[in-house]
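Peer 1: Take this structure first; my questions come after.
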Amino acid sequence: MYGRLPIVKMLAATVAGTALISAVMVPINWDGQQGSTAAPKIDHLLNVMIVLSAFVFSLVMVMLFYALWKFKAKPGDESDGEPIHGNTRLEVAWTLIPTIIVLFAGGYSWKVLNEIEDKKDGALTVSVFSQQYAWSFAYPGRDYAWSEGELHVPVDRQVHFKMHALDVIHSFWVPEWRIKKDNVPGITTTAIVTPDKVGTYQLVCTELCGFGHASMRAKVVVESRPDFDRWVAGLDLELPAPMMEVLEDETETEAAPLGAGAA
Ligand SMILES: [Cu+2]
């Protein structure tokens, strides 16, 4: 038979590979500038996933190269390989290890999403309308204040974006906020964001929606509360009919937030 595998050495090589890949990959700023309370959490989650992936990659590579080196046929050896029927220990290991990794990754992602979507008192609601190839926004008030192509939000206040697509599927994405959500005709989708850095950003449509998709962007301004109030006060109070219609028969199809009812 093949004898015992040098488990300790293979494990050491796997740990070394994981450490090396992680040391190169983790310090890289993959997602760019952070602009919301969700951003550090998402970026940390990505780093955890990088380390887990580095572990899986290293483990597979170590076993592959060990097998290539150890069981290579001698020159001139034309004989068939030894017939093997299963290996219970190996099968248990390759079922158990991925199961543990996937359960951990799923559980941790759940926790992060739950923290991000934790609803705060005094949140601001903004309606988002997407259509080929423009964005517009409505702010609740005495009436709806409406803005075309420019989104303003106050800093350090939770915002609930209620999204409405007027024609095809679009997707709302402000990279610095790390939050991305599809806008689907006929239903209302929600994204929860707390912007925490004053500045100007870009809202990008990230669902291929037609010929002008690449130019479907809007300016995003995160500003102080007084600046925001002043800006909203200066907006047109008349919401165009198609948007009003959508708001009138707004549906609430989102599932309850993950972990609703729990702490
Ligand atoms: Cu698009």
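Letters A, B, ... go to the chains of the structure tokens in the order shown; residues in each chain start at 1; ligands are counted from 1 in the same order.
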6 Å from ligand 1 is the threshold here; counting only C-alpha atoms and all ligand atoms, which polymer residues fall inside it? Answer as an mmCIF file with all heavy atoms, in the first residue's frame.

Peer 2:
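Listed below is the output, pocket-v4.cif:
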```
data_model
loop_
_atom_site.group_PDB
_atom_site.id
_atom_site.type_symbol
_atom_site.label_atom_id
_atom_site.label_comp_id
_atom_site.auth_asym_id
_atom_site.auth_seq_id
_atom_site.Cartn_x
_atom_site.Cartn_y
_atom_site.Cartn_z
ATOM 1 N N HIS A 170 -32.473 47.467 -12.640
ATOM 2 C CA HIS A 170 -31.244 48.243 -12.461
ATOM 3 C C HIS A 170 -30.652 47.830 -11.112
ATOM 4 O O HIS A 170 -31.274 47.070 -10.372
ATOM 5 C CB HIS A 170 -31.552 49.744 -12.461
ATOM 6 C CG HIS A 170 -32.213 50.229 -13.721
ATOM 7 N ND1 HIS A 170 -31.506 50.538 -14.857
ATOM 8 C CD2 HIS A 170 -33.520 50.432 -14.021
ATOM 9 C CE1 HIS A 170 -32.347 50.924 -15.803
ATOM 10 N NE2 HIS A 170 -33.585 50.859 -15.324
ATOM 11 N N CYS A 205 -25.029 52.411 -11.750
ATOM 12 C CA CYS A 205 -25.926 51.283 -12.037
ATOM 13 C C CYS A 205 -25.051 50.080 -12.320
ATOM 14 O O CYS A 205 -24.143 50.128 -13.131
ATOM 15 C CB CYS A 205 -26.814 51.568 -13.244
ATOM 16 S SG CYS A 205 -27.862 50.138 -13.641
ATOM 17 N N THR A 206 -25.308 48.989 -11.616
ATOM 18 C CA THR A 206 -24.443 47.833 -11.759
ATOM 19 C C THR A 206 -25.215 46.592 -12.217
ATOM 20 O O THR A 206 -24.909 45.466 -11.855
ATOM 21 C CB THR A 206 -23.619 47.625 -10.465
ATOM 22 O OG1 THR A 206 -22.841 46.460 -10.581
ATOM 23 C CG2 THR A 206 -24.509 47.502 -9.258
ATOM 24 N N GLU A 207 -26.258 46.857 -13.022
ATOM 25 C CA GLU A 207 -26.988 45.760 -13.667
ATOM 26 C C GLU A 207 -27.157 46.155 -15.128
ATOM 27 O O GLU A 207 -27.779 47.196 -15.403
ATOM 28 C CB GLU A 207 -28.352 45.587 -13.007
ATOM 29 C CG GLU A 207 -29.141 44.392 -13.497
ATOM 30 C CD GLU A 207 -28.548 43.091 -13.004
ATOM 31 O OE1 GLU A 207 -28.609 42.830 -11.795
ATOM 32 O OE2 GLU A 207 -28.006 42.355 -13.830
ATOM 33 N N LEU A 208 -26.609 45.375 -16.032
ATOM 34 C CA LEU A 208 -26.670 45.720 -17.453
ATOM 35 C C LEU A 208 -28.132 45.938 -17.852
ATOM 36 O O LEU A 208 -28.940 45.020 -17.827
ATOM 37 C CB LEU A 208 -26.043 44.609 -18.284
ATOM 38 C CG LEU A 208 -25.974 44.875 -19.789
ATOM 39 C CD1 LEU A 208 -25.175 46.116 -20.095
ATOM 40 C CD2 LEU A 208 -25.379 43.684 -20.522
ATOM 41 N N CYS A 209 -28.474 47.210 -18.196
ATOM 42 C CA CYS A 209 -29.885 47.537 -18.362
ATOM 43 C C CYS A 209 -30.202 48.078 -19.748
ATOM 44 O O CYS A 209 -31.320 48.517 -19.996
ATOM 45 C CB CYS A 209 -30.298 48.538 -17.286
ATOM 46 S SG CYS A 209 -29.319 50.037 -17.317
ATOM 47 N N HIS A 213 -26.370 51.877 -20.359
ATOM 48 C CA HIS A 213 -26.082 51.426 -18.989
ATOM 49 C C HIS A 213 -24.804 52.040 -18.407
ATOM 50 O O HIS A 213 -24.779 52.489 -17.262
ATOM 51 C CB HIS A 213 -26.003 49.901 -18.986
ATOM 52 C CG HIS A 213 -25.352 49.325 -17.781
ATOM 53 N ND1 HIS A 213 -25.924 49.390 -16.529
ATOM 54 C CD2 HIS A 213 -24.164 48.698 -17.610
ATOM 55 C CE1 HIS A 213 -25.107 48.810 -15.656
ATOM 56 N NE2 HIS A 213 -24.044 48.396 -16.280
ATOM 57 N N MET A 216 -25.134 55.353 -16.811
ATOM 58 C CA MET A 216 -26.226 55.534 -15.848
ATOM 59 C C MET A 216 -25.661 55.757 -14.442
ATOM 60 O O MET A 216 -25.494 54.824 -13.661
ATOM 61 C CB MET A 216 -27.160 54.328 -15.877
ATOM 62 C CG MET A 216 -28.395 54.543 -15.028
ATOM 63 S SD MET A 216 -29.600 53.257 -15.267
ATOM 64 C CE MET A 216 -30.620 53.507 -13.823
#
```

Peer 1: Could you pull out the strand (DSSP E or B) residues of range 59-248 of chain A from DSSP and send them as a PyMOL selection string?

Peer 2: chain A and resi 124-131+134-139+145-148+150-154+159-165+170-174+179-183+185+189-193+195+199-205+217-223+236

Peer 1: Quick one: residues within 10 Å of Phe55 in chain A, only C-alpha atoms, excluding same-chain residues fewer than 6 positions away - as a list of chain:residue names?

Peer 2: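 Everything that qualifies: A:Thr14, A:Val15, A:Ala16, A:Gly17, A:Thr18, A:Ala19, A:Ile21, A:Ser22, A:Met49, A:Met61, A:Ile101.
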
Peer 1: Would you work out the distance separating CA of Phe172 in chain A from CA of Leu46 in chain A, expressed in Å to one decimal?

Peer 2: 20.4 Å

Peer 1: To one decimal place, how far is CA of Thr95 in chain A from CA of Leu20 in chain A in Å?

Peer 2: 25.6 Å
